[in-house]
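Note: the block below is start07.csv and it holds CSV, C-alpha atoms.
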chain,number,residue,atom,x,y,z
Y,1,PRO,CA,72.7,-28.7,208.9
Y,2,ALA,CA,72.0,-26.9,205.6
Y,3,SER,CA,74.6,-27.2,202.8
Y,4,PRO,CA,76.3,-24.1,201.6
Y,5,ALA,CA,74.1,-24.0,198.5
Y,6,GLU,CA,71.0,-24.3,200.7
Y,7,ARG,CA,72.2,-21.6,203.0
Y,8,ASP,CA,72.8,-19.3,200.1
Y,9,ALA,CA,69.3,-19.8,198.8
Y,10,LEU,CA,67.8,-19.2,202.2
Y,11,ARG,CA,69.8,-16.0,202.6
Y,12,GLU,CA,68.6,-14.6,199.3
Y,13,LYS,CA,65.0,-15.4,200.3
Y,14,ALA,CA,65.5,-13.7,203.6
Y,15,ARG,CA,67.1,-10.7,201.9
Y,16,ALA,CA,64.2,-10.4,199.6
Y,17,ALA,CA,61.7,-10.6,202.4
Y,18,LEU,CA,63.5,-8.0,204.5
Y,19,SER,CA,63.6,-5.6,201.5
Y,20,SER,CA,59.9,-6.1,200.9
Y,21,ALA,CA,59.2,-5.4,204.5
Y,22,LEU,CA,61.1,-2.1,204.3
Y,23,GLN,CA,59.2,-1.1,201.2
Y,24,ILE,CA,56.0,-1.4,203.2
Y,25,ASP,CA,57.5,0.3,206.3
Y,26,SER,CA,60.8,2.1,205.7
Y,27,GLN,CA,61.1,2.7,209.5
Y,28,LEU,CA,61.1,-1.0,210.4
Y,29,ALA,CA,64.3,-1.1,212.6
Y,30,SER,CA,64.3,-4.9,213.0
Y,31,ALA,CA,64.5,-5.4,209.2
Y,32,LYS,CA,67.3,-2.8,209.0
Y,33,THR,CA,69.2,-4.6,211.7
Y,34,MET,CA,68.9,-7.9,209.9
Y,35,LEU,CA,70.0,-6.5,206.6
Y,36,ALA,CA,72.9,-4.8,208.4
Y,37,TRP,CA,73.8,-8.2,209.9
Y,38,MET,CA,73.8,-9.8,206.4
Y,39,GLY,CA,76.0,-6.9,205.1
Y,40,PHE,CA,78.5,-7.6,207.9
Y,41,ARG,CA,78.4,-11.4,208.1
Y,42,ILE,CA,77.6,-12.4,204.6
Y,43,ASP,CA,78.6,-9.6,202.2
Y,44,TRP,CA,81.6,-8.5,204.3
Y,45,ASP,CA,80.6,-4.9,203.5
Y,46,PHE,CA,81.7,-3.4,206.8
Y,47,THR,CA,81.2,0.2,205.8
Y,48,GLY,CA,77.6,-0.3,204.6
Y,49,ALA,CA,76.9,-2.6,207.6
Y,50,GLU,CA,78.1,0.0,210.1
Y,51,ARG,CA,75.9,2.7,208.5
Y,52,ALA,CA,72.9,0.4,208.6
Y,53,PHE,CA,73.5,-0.7,212.2
Y,54,ARG,CA,73.8,2.9,213.4
Y,55,GLU,CA,70.6,3.9,211.6
Y,56,ALA,CA,68.8,1.0,213.3
Y,57,VAL,CA,70.1,1.8,216.8
Y,58,ALA,CA,69.2,5.5,216.3
Y,59,GLN,CA,65.7,4.6,215.1
Y,60,GLU,CA,65.0,2.0,217.8
Y,61,PRO,CA,67.1,2.8,220.8
Y,62,ASN,CA,65.1,0.4,223.0
Y,63,SER,CA,65.9,-2.6,220.8
Y,64,SER,CA,68.2,-5.1,222.6
Y,65,ASP,CA,68.8,-6.9,219.3
Y,66,ALA,CA,70.0,-3.8,217.5
Y,67,HIS,CA,72.4,-2.9,220.3
Y,68,GLN,CA,73.7,-6.5,220.5
Y,69,GLN,CA,74.3,-6.7,216.7
Y,70,MET,CA,76.0,-3.4,216.8
Y,71,ALA,CA,78.2,-4.6,219.7
Y,72,THR,CA,79.2,-7.7,217.8
Y,73,PHE,CA,80.1,-5.7,214.8
Y,74,LEU,CA,82.2,-3.3,216.8
Y,75,ALA,CA,84.0,-6.1,218.7
Y,76,TYR,CA,85.0,-7.9,215.5
Y,77,THR,CA,86.3,-4.7,214.0
Y,78,SER,CA,88.5,-4.1,217.1
Y,79,ARG,CA,86.5,-1.2,218.7
Y,80,HIS,CA,86.1,-2.9,222.1
Y,81,GLN,CA,85.3,0.1,224.2
Y,82,GLU,CA,82.3,1.0,222.0
Y,83,ALA,CA,81.3,-2.7,221.8
Y,84,ASP,CA,81.3,-2.9,225.6
Y,85,HIS,CA,79.0,0.1,225.8
Y,86,GLU,CA,76.5,-1.4,223.2
Y,87,ILE,CA,76.4,-4.8,224.8
Y,88,ARG,CA,75.8,-3.3,228.2
Y,89,LEU,CA,72.8,-1.4,226.8
Y,90,ALA,CA,71.5,-4.6,225.2
Y,91,GLU,CA,71.8,-6.5,228.6
Y,92,GLU,CA,69.9,-3.7,230.4
Y,93,LEU,CA,67.1,-4.0,227.9
Y,94,ASP,CA,67.0,-7.9,228.0
Y,95,PRO,CA,68.6,-9.2,231.2
Y,96,LEU,CA,67.1,-12.7,231.0
Y,97,SER,CA,68.3,-13.8,227.6
Y,98,PRO,CA,70.8,-16.7,227.6
Y,99,THR,CA,71.5,-16.0,223.9
Y,100,LEU,CA,72.5,-12.5,224.7
Y,101,GLN,CA,74.9,-13.8,227.3
Y,102,THR,CA,76.5,-16.1,224.8
Y,103,LEU,CA,77.0,-13.1,222.5
Y,104,ALA,CA,78.3,-11.0,225.3
Y,105,PHE,CA,80.8,-13.8,226.2
Y,106,TYR,CA,82.3,-13.7,222.7
Y,107,ILE,CA,82.3,-9.9,222.5
Y,108,HIS,CA,84.3,-9.7,225.7
Y,109,MET,CA,86.6,-12.6,224.8
Y,110,VAL,CA,87.5,-11.0,221.4
Y,111,GLY,CA,88.4,-7.9,223.3
Y,112,ARG,CA,90.4,-9.9,225.9
Y,113,ARG,CA,88.3,-8.5,228.7
Y,114,TRP,CA,88.6,-11.7,230.7
Y,115,ASP,CA,86.7,-10.6,233.8
Y,116,LYS,CA,83.6,-9.5,231.8
Y,117,ALA,CA,83.7,-12.7,229.7
Y,118,HIS,CA,83.8,-14.8,232.9
Y,119,ALA,CA,80.8,-12.8,234.1
Y,120,ALA,CA,78.9,-13.5,230.9
Y,121,ALA,CA,79.6,-17.2,231.3
Y,122,GLY,CA,78.4,-17.1,234.9
Y,123,LYS,CA,75.2,-15.3,233.9
Y,124,HIS,CA,74.6,-17.9,231.2
Y,125,ALA,CA,74.9,-20.6,233.9
Y,126,GLU,CA,72.3,-18.9,236.0
Y,127,LEU,CA,69.9,-18.5,233.1
Y,128,VAL,CA,70.3,-22.1,231.9
Y,129,PRO,CA,70.4,-24.3,235.1
Y,130,GLY,CA,71.9,-27.7,234.4
Y,131,GLY,CA,73.4,-26.6,231.1
Y,132,LEU,CA,77.1,-27.2,230.4
Y,133,THR,CA,77.8,-24.5,227.8
Y,134,HIS,CA,79.2,-22.2,230.5
Y,135,VAL,CA,81.8,-24.9,231.4
Y,136,ASP,CA,83.2,-24.8,227.8
Y,137,TYR,CA,83.2,-21.0,228.0
Y,138,THR,CA,85.0,-20.9,231.4
Y,139,SER,CA,87.6,-23.6,230.4
Y,140,VAL,CA,88.6,-21.8,227.2
Y,141,LEU,CA,88.9,-18.5,229.0
Y,142,LEU,CA,91.1,-20.0,231.7
Y,143,ALA,CA,93.2,-21.6,229.0
Y,144,LEU,CA,93.6,-18.3,227.1
Y,145,GLU,CA,94.6,-16.7,230.4
Y,146,GLY,CA,97.3,-19.3,230.8
Y,147,LYS,CA,95.6,-20.9,233.8
Y,148,CYS,CA,95.6,-24.5,232.5
Y,149,GLY,CA,95.3,-26.1,236.0
Y,150,ALA,CA,92.1,-24.2,236.6
Y,151,ALA,CA,90.8,-25.0,233.1
Y,152,LEU,CA,91.3,-28.7,233.5
Y,153,GLU,CA,89.9,-28.6,237.0
Y,154,GLU,CA,86.7,-27.0,235.7
Y,155,LEU,CA,86.3,-29.7,233.0
Y,156,THR,CA,87.0,-32.4,235.6
Y,157,LYS,CA,84.4,-31.0,238.0
Y,158,PHE,CA,81.7,-31.5,235.4
Y,159,ASN,CA,83.0,-34.8,234.1
Y,160,LEU,CA,83.9,-33.3,230.7
Y,161,LEU,CA,87.6,-34.0,230.6
Y,162,ASP,CA,87.2,-37.3,228.6
Y,163,ALA,CA,83.6,-36.7,227.3
Y,164,GLU,CA,83.0,-36.9,223.6
Y,165,PRO,CA,80.5,-34.6,222.0
Y,166,GLU,CA,77.0,-36.0,221.4
Y,167,ALA,CA,75.9,-36.0,217.8
Y,168,ASP,CA,73.0,-33.6,218.5
Y,169,SER,CA,74.7,-31.5,221.2
Y,170,THR,CA,74.4,-27.7,221.0
Y,171,ALA,CA,77.2,-27.1,223.4
Y,172,GLU,CA,80.3,-25.4,222.0
Y,173,GLU,CA,82.7,-28.3,222.3
Y,174,HIS,CA,85.3,-26.5,220.1
Y,175,ASN,CA,86.0,-24.3,223.1
Y,176,ARG,CA,86.5,-27.3,225.3
Y,177,ALA,CA,88.8,-28.9,222.6
Y,178,TYR,CA,90.9,-25.7,222.4
Y,179,ALA,CA,91.3,-25.7,226.2
Y,180,LEU,CA,92.3,-29.3,226.2
Y,181,GLY,CA,94.7,-29.0,223.3
Y,182,SER,CA,96.4,-25.9,224.6
Y,183,CYS,CA,96.7,-27.4,228.1
Y,184,GLY,CA,98.4,-30.6,227.1
Y,185,LYS,CA,95.5,-33.0,226.8
Y,186,ARG,CA,96.1,-33.6,223.2
Y,187,ASP,CA,94.5,-37.0,222.8
Y,188,GLU,CA,91.3,-35.8,224.4
Y,189,ALA,CA,91.3,-32.7,222.1
Y,190,ARG,CA,91.8,-34.8,219.1
Y,191,ARG,CA,88.9,-37.1,219.9
Y,192,ILE,CA,86.6,-34.0,220.0
Y,193,LEU,CA,88.2,-32.7,216.8
Y,194,GLN,CA,87.6,-36.0,215.0
Y,195,ALA,CA,84.0,-36.1,216.2
Y,196,LEU,CA,83.3,-32.5,215.0
Y,197,GLU,CA,85.0,-33.1,211.7
Y,198,ARG,CA,82.5,-35.8,211.0
Y,199,ARG,CA,79.6,-33.4,211.4
Y,200,PRO,CA,78.3,-32.2,208.0
Y,201,TYR,CA,79.2,-28.6,207.4
Y,202,TYR,CA,80.5,-28.0,210.9
Y,203,PRO,CA,82.1,-24.5,210.8
Y,204,ALA,CA,85.6,-24.7,209.4
Y,205,GLN,CA,86.7,-21.7,211.5
Y,206,ARG,CA,86.0,-23.7,214.7
Y,207,ILE,CA,88.0,-26.6,213.4
Y,208,ALA,CA,90.8,-24.2,212.7
Y,209,ALA,CA,90.7,-22.9,216.3
Y,210,ILE,CA,91.1,-26.5,217.7
Y,211,HIS,CA,94.1,-27.0,215.5
Y,212,ALA,CA,95.5,-23.7,216.8
Y,213,GLY,CA,95.0,-25.0,220.4
Y,214,LEU,CA,97.0,-28.1,219.4
Y,215,GLY,CA,99.8,-25.9,218.1
Y,216,ASP,CA,99.2,-27.1,214.5
Y,217,ARG,CA,99.6,-23.9,212.7
Y,218,ALA,CA,99.5,-25.5,209.2
Y,219,GLY,CA,96.3,-27.3,210.0
Y,220,ALA,CA,94.7,-24.1,211.4
Y,221,LEU,CA,95.7,-22.2,208.3
Y,222,ASP,CA,94.3,-24.9,206.0
Y,223,TRP,CA,90.9,-24.8,207.8
Y,224,LEU,CA,90.8,-21.0,207.7
Y,225,VAL,CA,91.3,-21.2,204.0
Y,226,GLU,CA,88.5,-23.7,203.9
Y,227,SER,CA,86.3,-21.3,205.9
Y,228,LEU,CA,87.1,-18.6,203.4
Y,229,ARG,CA,86.3,-20.9,200.5
Y,230,ARG,CA,82.9,-21.6,202.1
Y,231,HIS,CA,82.4,-17.9,202.8
Y,232,GLU,CA,81.3,-18.7,206.3
Y,233,ASP,CA,79.6,-15.9,208.2
Y,234,VAL,CA,81.6,-16.7,211.4
Y,235,LEU,CA,84.9,-15.9,209.6
Y,236,ALA,CA,83.9,-12.2,209.5

Serialized structure, structure tokens:
Amino acid sequence: PASPAERDALREKARAALSSALQIDSQLASAKTMLAWMGFRIDWDFTGAERAFREAVAQEPNSSDAHQQMATFLAYTSRHQEADHEIRLAEELDPLSPTLQTLAFYIHMVGRRWDKAHAAAGKHAELVPGGLTHVDYTSVLLALEGKCGAALEELTKFNLLDAEPEADSTAEEHNRAYALGSCGKRDEARRILQALERRPYYPAQRIAAIHAGLGDRAGALDWLVESLRRHEDVLA
């Protein structure tokens, strides 16, 4: 993974390239969407980001990406009904995207719309046969719903109850660790936590979530402070 300094340099290059593209074509909705995303996730300029997102969606209403980015922004600013509308439009425009289902999962989870989050996890499973990401999604949802027996059963069914994350895995094991920690499997959660902490520049916000699942409020707060110090885009 890139270091914070490397990420900053790449972000500025991307910002410059997007600005140049808009100078050539001021109606380029994809460039506007990406700049809006940077305003939201990197600059934390929510007012400017919302204005840019709405311009992009109005300009290119058939862009799944624009609707999805708008939905994410709305969900993380607690406007869940509007977010639901935008992500539904995005799914209608691009029904075969696993990435879109990942984003839909988080949008619905943030809004505590459990049934819709479960549906997104199920669609992800259909679109990625043999993948295990949906298991992490389902287990954390069940844990959040207080259904620990079902959460642990889901992990057991796929032999993930005692599995440690692989070094190059793209699965979202922090969700699994949260489910394990909050459902009493503390040793198993800590093994995942220790493995993830060894990964260079692993998102501090995700480490904080695992500590929260373990009931370690002080640890969760420390890692959220670290996420703020790093200016992580996921913190927004």

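In terms of minimum interatomic distance to Y:Phe158, Y:Val135 ranks closest within Y:Ala143, Y:Val135, Y:Ala179, Y:Ala14, counting all atoms listed in the file.
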
Quick one, how far is atom CA of Y:Leu228 from atom CA of Y:Met38?
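Atom CA of Y:Leu228 sits 16.2 Å away from atom CA of Y:Met38.
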
What's the separation between atom CA of Y:Arg51 and atom CA of Y:Ala104, in Å to one decimal place?
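These atoms are spaced 21.8 Å apart.
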
Interatomic distance, atom CA of Y:Asp65 to atom CA of Y:Asp94 (Å, one decimal):
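So the answer is 8.9 Å.
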
Expected answer as a count of residues only: all residues with atoms within 12 Å of (73.0, -3.7, 228.9), only C-alpha atoms
28

Give me the residues near Y:Thr99 as a list in words, where near means some atom within 10 Å (using only C-alpha atoms) and where sequence neighbours in that chain fewer than 6 positions away do not count.
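The residues satisfying every condition are Phe105, His124 and Leu127 of chain Y.
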
Contacts of Y:Ala163 at 10 Å (all atoms listed in the file; same-chain gap of 6+ positions) as a PDB file with C-alpha atoms, in the frame of the given file:
ATOM      1  CA  LEU Y 155      86.300 -29.700 233.000  1.00  0.00           C
ATOM      2  CA  THR Y 156      87.000 -32.400 235.600  1.00  0.00           C
ATOM      3  CA  GLU Y 173      82.700 -28.300 222.300  1.00  0.00           C
ATOM      4  CA  GLU Y 188      91.300 -35.800 224.400  1.00  0.00           C
ATOM      5  CA  ARG Y 191      88.900 -37.100 219.900  1.00  0.00           C
ATOM      6  CA  ILE Y 192      86.600 -34.000 220.000  1.00  0.00           C
TER       7      ILE Y 192
END

Could you pull out every residue with an atom within 9 Å of (82.0, -8.3, 218.5), file coordinates, counting only C-alpha atoms, and send them as a ChimeraX atom specification?
/Y:68-80,83-84,103-104,106-111

Exercise: Y:His118 partners within 8 Å, only C-alpha atoms, chain neighbours under 6 positions left out, as a PyMOL selection string
chain Y and resi 105+137-138+141

Can you spit out the residues from that selection as a short mmCIF file (atom, residue, chain, number, x, y, z; two decimals), in the frame of the given file, using C-alpha atoms?
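Saved to out-v1.cif:
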data_model
loop_
_atom_site.label_atom_id
_atom_site.label_comp_id
_atom_site.auth_asym_id
_atom_site.auth_seq_id
_atom_site.Cartn_x
_atom_site.Cartn_y
_atom_site.Cartn_z
CA PHE Y 105 80.80 -13.80 226.20
CA TYR Y 137 83.20 -21.00 228.00
CA THR Y 138 85.00 -20.90 231.40
CA LEU Y 141 88.90 -18.50 229.00
#

Excluding Y:Asp222 and its own-chain neighbours fewer than 3 positions away, which residues fall within 10 Å of it when counting only C-alpha atoms? Please give them as a compact mmCIF listing (two decimals) with C-alpha atoms, keeping the file's coordinate frame.
# COMPACT_ATOMS: atom_id res chain seq x y z
CA ALA Y 204 85.60 -24.70 209.40
CA GLN Y 205 86.70 -21.70 211.50
CA ILE Y 207 88.00 -26.60 213.40
CA ALA Y 208 90.80 -24.20 212.70
CA HIS Y 211 94.10 -27.00 215.50
CA ARG Y 217 99.60 -23.90 212.70
CA ALA Y 218 99.50 -25.50 209.20
CA GLY Y 219 96.30 -27.30 210.00
CA VAL Y 225 91.30 -21.20 204.00
CA GLU Y 226 88.50 -23.70 203.90
CA SER Y 227 86.30 -21.30 205.90
CA LEU Y 228 87.10 -18.60 203.40

Best match for closeness to Y:Gly131 among Y:Glu172, Y:Ala31, Y:Leu180, Y:Glu82, counting all atoms listed in the file:
Y:Glu172
